[in-house]
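I have placed the structure first, in the form of C-alpha cells, so that the comments after it can refer back to it.
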Amino acid sequence: MLPADCSSRLVAELRDALDSCAQRQRQLERSLRISRRLLRAWEPAKTPVPEPTPGPETDEEVPSSAFTACSPSPQDLKELELLTQVLEKAVRVRKGISKAGGDKAPTVKSESTATSPATRASTRLRASDWTGSHASETKPPRGIRQTRVPAKDLSEHRLVSVEDPACIGRGARAAKLEPSRRSQETVPLAAPQAREVFTLKDKGILLQLPVAFRKAASQNSRLWAQLSSTHTSDSGDAATTAKNHFLQKMQTTSGWPSSRLSPAEVEAEVGRLQKACSLLRLRMGEELTADPKDWMQEYRCLLTLEGLQALAGQCLHRLQELRTAVVEQQLEPWPEGRLPRASSPCGGGADTIRSPPLLLYSSTQELQTLAALRLRVAMLNQQIHLEKVLMAELLPLVREQEPLGPPWLALCRAVHSLLCEGGERFLTILREDEPAD
Amino acid sequence: MGRRRRRRVDPADAARALPEAIAVLTRTLPTGPSPETFRRAKFDRPEAAPALWRLLFCVLSPMPADGASPSLALEAQARSVKAALRFQGYPRRALAQLPDDGSQGGRELLLALAWLLARGPTLEQLLAQSRVRLGDEMPVCECESLASPGPAVPSVEADGCVDIRHLQWLMGKLRFRWRKLMASQQEQCALLGKIHSYTRGCHSDRSLGHLSVTETELLRDPEGGQQLLQRLERENVRLEAALEWRRRELVFWQWMDTVLGACPPEASQPTFLPKIPAQGAAELELVVRELQALQEELQGVAETRPYDPFDLLVDTWAPPASLHEQDWVGGHGPEWSASRRALQEAVRQDLVALQWAWERGGGLAQPHGPHRLVRTEAGAPEGRGLQATEVIEVLRSREACLEVVLGQLQGQCRQELARLVGTLPGLIWIPPPGR
C-alpha cells in the first residue's frame with residue numbers, strides 16, 4: 001500500500017487524465033450523432049420537401065421567385081409540370097445508375113435532358129426500394145408547394161417552391177394557416193404517386209442555404225472583421241489613457257505594492273519555464289548526438305552547449321526568484337476552487353477575433369491522418385506529464401523502503417511496469433534461493 | 001461666438017452620454033444587467049449586488065463547451081468570483097471581505113468589473129468565446145491540450161491509501177479510453193469527409209465551396225436552424241454594441257474615476273492571508289527539479305571539454321586549406337578570428353530564437369487556434385489558407401520529439417531501478433521482451 005498523500009496525488013492526477021479523455025469522447029459522440037443523422041435519410045420537415053428543379057434557372061433566381069411570385073400563370077404551371085416530369089425521369093435514371101454501383105454524388109443537371117414523362121407506377125415501385133427511411137414525402141407531379149414565407153421563417157428552406165394556384169392570397173397569414181393548410185394539402189395529395197426520400201448522398205448538392213441565414217452570416221463576418229480592425233488601431237487614445245489612469249488609481253488606492261505578482265502571472269511564467277526546460281533538453285540531445293564533419297560544426301556544437309548551460313542557469317535563477325517572491329508576498333499561489341482559466345492560452349488576442357482561417361484538406365485520408373496525429377500528440381503530452389508525476393512520487397518510495405522482502409520486490413516490479421513500460425508490460429524477477437545444503 | 005467650448009463634453013451632453021454609454025455596455029455583456037443597476041452600484045445600493053455577482057461570474061468563467069452548465073447558487077458564484085479575481089491579481093481587498101450571500105457591495109463589484117474591462121480586451125474575448133461557430137473547426141496547435149483545466153472542485157475523495165494495483169488499473173483504463181477516442185475520431189473524420197463532398201458547390205461563399213455540418217444540420221432541422229439564426233442575430237447585436245462602445249467608452253472611464261474616488265481608501269498594511277498549499281506550488285517544484293537535473297547534465301558535458309573548446313579542435317581536426325599550420329595551432333590570424341566570430345554570432349542568434357520559442361509562444365508565425373475545415377481538390381490554388389499537409393508535417397515532427405522525450409524519461413527510470421535492485425545479490429531481473 002502506498003502512503004496516503006502519495007496515493008491521493010497520484011489518483012487525482014490519473015483521474016484528471018481520465019476526465020479530460022472522457023470530455024473529449026463526449027464531444028466526439030455528440031458530433032458523431034449529428035453527422036450520422038445527416039447521412040441517413042432525412043425525416044420530412046414540417047413542410048414537405050418540394051421537388052428541386054434544376055435547369056435554366058440559376059440558384060439565385062429560384063428563391064427570389066419563390067418569395068416574390070404570388071400568382072404564377074397557367075403557362076408557368078404547365079412548364080413546371082413538364083419540368084417536374086422530366087426530373088422524375090431523371091431521378092429514375094439516376095437511381096438505376098446508382099444501383100448499378102456508382103457511388104459518386106449524382107449530378108441531376110446533366111440528366112435533365114430526359115423528356116419522357118415519368119410513369120407513376122414505376123416511381124412508386126422505386127420509392128419502396130429506399131431503405132432506412134421514416135420518410136414519406138409526397139411528391140405530387142405538379143410540384144405544388146406553398147412557399148410564401150414570412151421573413152424569418154425557415155421552415156421553407158429547400159430549393160424550389162412554386163405556389164399552388166389554390167393558395168393565392170394566403171400569403172401573410174401563412175404562419176397560422178400553414179398547419180391546417182398542410183393537412184388540407186396532404187389530403188388531396190394523399191394518393192401518393194411516389195415516395196421520395198431525401199438523402200445527402202444523392203441530393204446533397206441541391207441544397208441551398210436560406211437567404212435570411214446567409215444575410216445574417218455575412219453580416220456576422222463583416223462585424224467581426226470590423227471589430228478586429230478597430231481593435232488594432234487606436235480606437236481612442238483618450239480612452240486608453242483614461243483606462244490606464246483608472247488602473248493605476250486602483251493600484252495606488254489599494255494597500256498593496258504594484259510589484260506584486262498575481263498568481264496568474266506566476267503560473268504563466270512557470271509554464272513558460274517548463275517549456276524552456278523541455279526545449280533546452282531537446283536541443284541538448286540534438287547537439288550531443290550530432291556528428292560533426294569538420295571543425296566548424298564541432299565548434300558550433302560546443303558553443304551551443306555552452307549557451308544552453310547559460311540559459312538553463314538563467315531559467316533556474318528566475319524560478320528561484322519566483323519561489324521566494326511567492327513566499328515573501330504571502331501569495332496564495334493557486335487558491336483552491338479557482339475557476340478554469342477564462343482566457344484561452346493560445347491565440348488569445350487578435351487572432352481569435354477574426355473569422356477562423358481555413359484549413360484545406362484534399363482527401364478523407366488526409367483528414368484522418370491529421371486528426372489521428374493531433375490525438376497522438378495530445379496523448380503523448382499527457383503521458384509525459386504523468387510519467388514525470390509518477391517518477392516524482394514512486395521512485396522515492398522504492399529508494400526509501402529498506403525491507404527488501406517480497407513486498408518490496410512486488411513494488412519494484414509494479415513501479416517498473418508503470419514507469420518504464422507505460423503499464424503495458426511486466427518484467428520477471430527471479431530469485432536465486434540458497435542451496436539447501 | 002457660441003458657448004465656451006471646453007475640452008471635455010458639455011455638461012448637458014455629458015448627462016446623456018453616460019447613460020447611453022452604459023446602455024451600450026449592457027448590450028454587449030452576456031447577461032447584461034440593466035443600466036439602472038450600474039447607477040445603483042455607484043451609490044453602493046445592496047440591490048445591485050446580486051446582478052453584478054452573476055455578471056462577474058459569467059465574465060470570469062469560460063463558457064462551458066459542453067453546453068449544459070449547472071447553474072450555481074449565488075454563494076458559490078460569489079466564492080468563484082473572489083477566487084478568480086484573486087488569481088488574476090485584483091488589488092483591492094475590500095472585495096474579498098464582501099459577504100457571499102450577495103447582500104452588499106455593489107460599488108466594489110462595479111470597480112471589479114471596470115478593472116477587468118480596463119485590463120485587457122475582455123469584451124472581445126467574451127464575444128470570441130461564445131461565438132457562433134458555423135464551420136467544422138479543428139485547432140491546429142496543442143495549446144488547449146496542454147492547458148489542463150484543473151479541478152474546479154478540489155478532489156474530495158480522500159481515499160486514503162491505495163494499492164499500486166489500483167494505479168495500474170487506472171492506467172489501463174486510460175489507455176483503453178485513448179484507443180476508443182482514436183477510433184471515434186477516425187469515424188468522425190470519415191463522416192465529415194462525406195458530408196463535405198456531398199454538399200459541394202452549395203455554399204453561397206465560393207471560397208468555402210461546401211456546407212459544414214452546422215449548416216447542413218440547419219437545413220435538415222428547420223427549428224434548430226431557426227434557433228441558430230436567432231443566436232447569430234443576437235451575436236450581431238452584441239457585436240454592433242461592442243463597436244459602438246469603442247466610440248463611447250471614454251465617458252464611462254471618467255465616471256469610474258469618480259466612483260473610485262467615492263470609496264474610502266484602504267488601509268496600507270495588508271492583512272496576511274493564510275497560505276494554502278496547493279497544486280501550483282508542486283508544479284513549481286517539479287520544474288525546479290527538472291531544470292536542476294538539466295543543468296547538472298550540461299555541467300557534466302562541459303566538464304569533459306577543456307576550458308577553451310578551441311584547444312580541443314586544434315588537436316582533433318586538420319587545419320582548413322586556407323590556413324597555415326602555425327596559425328592553426330596558435331589560433332591566430334584574421335581569417336581565423338573572423339570565422340570564430342561568425343560562428344559565435346550564429347550560435348548566439350540560434351539561442352535567441354530558441355528563447356523566443358518559449359517566451360513568445362513560438363513566434364507569431366506558428367498557426368494557432370481553430371481553423372475551419374474546407375475540402376478542396378488536391379492541387380488547388382494555394383494561398384487561401386493553411387494546407388493540411390503542412391500541419392501534418394509539423395505534427396509528425398512534434399510527435400517524434402515527444403516520443404524521444406518519453407523514451408528518455410523511461411530510460412532514466414529503468415537505469416534508476418536497475419541500480420536500486422542491482423545492489424541485491426541473488427536476483428535476476430528479466431525485462432519484458434523488447435519492442
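Scheme for the C-alpha cells: letters A, B, ... for chains in order shown; per-chain residue numbers from 1; ligand numbers from 1 in order shown.
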
Quiz item: Skipping near chain neighbours, those fewer than 2 positions away, what residues fall within 9 Å of region 14-26 of chain B using only C-alpha atoms, listed as a PyMOL selection string?
Solution: chain B and resi 8-12+28-36+38-39+241-242+244-245+247-252+255

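With distances restricted to only C-alpha atoms, B:Leu116 is the closest residue to Phe57 (chain B) from B:Ala338, B:Val288, B:Leu116, B:Ala94.
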
Practice problem: Find the distance between CA of Gln75 (chain A) and CA of Ala90 (chain A) and write it in Å to one decimal. | Solution: 22.6 Å

Quiz item: Looking at only C-alpha atoms, which of A:Glu269, A:Glu393, A:Glu366, A:Glu306 is the one that sits closest to Gln299 (chain B)?
Solution: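 Among the listed residues, the smallest separation from Gln299 (chain B) belongs to A:Glu306.
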
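Atom pair CA of Glu215 (chain B) / CA of Leu134 (chain B): separated by 6.7 Å.
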
Quiz item: Leaving out Gln349 (chain B) and any residue of its chain fewer than 4 positions from it, which residues lie within 12 Å of it when counting only C-alpha atoms, given as JSON, numbers by chain?
Solution: {"A": [300, 303, 304, 307], "B": [342, 343, 344, 345, 353, 354, 355, 356]}

Exercise. Write out as a list in words the residues lying within 8 Å of region 18-28 of chain A, counting only C-alpha atoms and excluding same-chain residues fewer than 2 positions away.
Key: Leu14, Arg15, Asp16, Arg30, Ser31 and Leu32 of chain A; Asp66, Lys173, Leu174, Arg177, Trp178, Leu181, Ser184, Gln185 and Gln188 of chain B

Quiz item: Please, what distance in Å, to one decimal, runs between CA of Pro357 (chain A) and CA of Thr216 (chain B)?
Solution: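 That distance, rounded to one decimal, is 20.2 Å.
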
Quiz item: So, counting only C-alpha atoms, which residue among A:Leu279, A:Ile97, A:Leu87, A:Val197 is closest to chain B?
Solution: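 Ranked by minimum distance to chain B, first place goes to A:Leu279.
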
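In this comparison, which uses only C-alpha atoms, the residue of A:Leu358, A:Ala392, A:Cys301, A:Leu83 approaching chain B most closely is A:Leu358.
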
Practice problem: Would you return as a PyMOL selection string the members of region 166-236 of chain B that DSSP assigns to alpha helix (DSSP H) on this structure's backbone? | Solution: chain B and resi 166-198+213-220+222-236

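When only C-alpha atoms are used to compute distances to chain A, the closest of the residues B:Arg175, B:Arg92, B:His166, B:Arg231 turns out to be B:Arg92.
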
Self-check item: Exercise: region 77-82 of chain B partners within 10 Å, only C-alpha atoms, chain neighbours under 5 positions left out, as number ranges by chain
Solution: A: 335-339; B: 50, 52-61, 71-72, 87-88, 90, 95-102, 152

Next, write the just-selected residues to a file, as a compact mmCIF listing (two decimals), in the first residue's frame, keeping C-alpha atoms as the atom set.
```txt
# COMPACT_ATOMS: atom_id res chain seq x y z
CA PRO A 335 -6.28 29.41 -4.49
CA GLU A 336 -8.50 26.42 -4.20
CA GLY A 337 -11.71 26.30 -6.08
CA ARG A 338 -10.48 28.59 -8.75
CA LEU A 339 -12.26 28.61 -12.00
CA PRO B 50 -26.60 40.04 -6.98
CA LEU B 52 -23.21 42.16 -10.60
CA TRP B 53 -22.06 38.95 -8.90
CA ARG B 54 -23.74 36.98 -11.64
CA LEU B 55 -22.29 39.15 -14.32
CA LEU B 56 -18.79 38.79 -12.92
CA PHE B 57 -19.23 35.06 -12.72
CA CYS B 58 -20.21 34.97 -16.36
CA VAL B 59 -17.26 37.09 -17.36
CA LEU B 60 -14.70 35.17 -15.35
CA SER B 61 -15.71 31.63 -16.11
CA SER B 71 -26.28 26.95 -12.53
CA LEU B 72 -24.60 27.55 -9.25
CA PHE B 87 -5.93 34.66 -9.04
CA GLN B 88 -5.72 37.46 -11.54
CA TYR B 90 -7.11 42.08 -8.26
CA LEU B 95 -13.91 42.60 -2.42
CA ALA B 96 -12.54 39.59 -0.58
CA GLN B 97 -14.30 40.80 2.52
CA LEU B 98 -17.73 41.09 0.98
CA PRO B 99 -20.31 38.61 2.20
CA ASP B 100 -21.05 35.73 -0.13
CA ASP B 101 -24.79 36.00 0.08
CA GLY B 102 -24.84 38.94 -2.28
CA ALA B 152 -12.96 23.09 -10.27
```

Quiz prompt | Non-local contacts of region 284-293 of chain A (12 Å; only C-alpha atoms; under 4 positions in same chain excluded) as a PyMOL selection string | solution = (chain A and resi 277-280+297-309+311-312) or (chain B and resi 294-295+297-299+301-302+313+316-318+351+354+401+404-405+408)

Output C-alpha atoms of each residue in that selection to a file, as a compact mmCIF listing (two decimals), in the first residue's frame.
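Done, and the output landed in again.txt:
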```
# COMPACT_ATOMS: atom_id res chain seq x y z
CA CYS A 277 13.33 23.23 -19.90
CA SER A 278 11.96 20.78 -22.44
CA LEU A 279 13.22 22.84 -25.37
CA LEU A 280 16.67 23.13 -23.86
CA GLN A 297 30.46 22.16 -36.91
CA GLU A 298 32.12 20.90 -33.79
CA TYR A 299 32.96 24.41 -32.65
CA ARG A 300 29.40 25.40 -33.22
CA CYS A 301 28.21 22.41 -31.25
CA LEU A 302 30.44 23.27 -28.33
CA LEU A 303 29.40 26.87 -28.32
CA THR A 304 25.77 25.85 -28.39
CA LEU A 305 26.19 23.58 -25.42
CA GLU A 306 27.84 26.38 -23.51
CA GLY A 307 24.99 28.67 -24.42
CA LEU A 308 22.42 26.11 -23.35
CA GLN A 309 24.07 25.81 -20.00
CA LEU A 311 20.28 29.65 -20.47
CA ALA A 312 19.46 26.83 -18.10
CA LEU B 294 19.23 19.54 -16.83
CA GLN B 295 21.83 21.90 -15.51
CA GLU B 297 23.76 17.15 -17.18
CA LEU B 298 25.02 20.11 -19.11
CA GLN B 299 27.66 20.68 -16.50
CA VAL B 301 29.12 17.52 -20.54
CA ALA B 302 31.07 20.71 -20.08
CA LEU B 313 39.54 21.47 -32.01
CA THR B 316 41.42 16.98 -33.35
CA TRP B 317 40.99 18.48 -36.70
CA ALA B 318 43.27 19.19 -39.57
CA LEU B 351 19.89 30.60 -28.94
CA LEU B 354 15.25 29.25 -29.01
CA CYS B 401 10.16 14.89 -30.37
CA VAL B 404 12.14 10.91 -27.78
CA VAL B 405 11.39 12.73 -24.56
CA GLN B 408 14.45 9.35 -22.32
```

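Closest approach to chain B among A:Thr84, A:Ser229, A:Gln248, A:Ser8 is made by A:Ser8 (distances from only C-alpha atoms).
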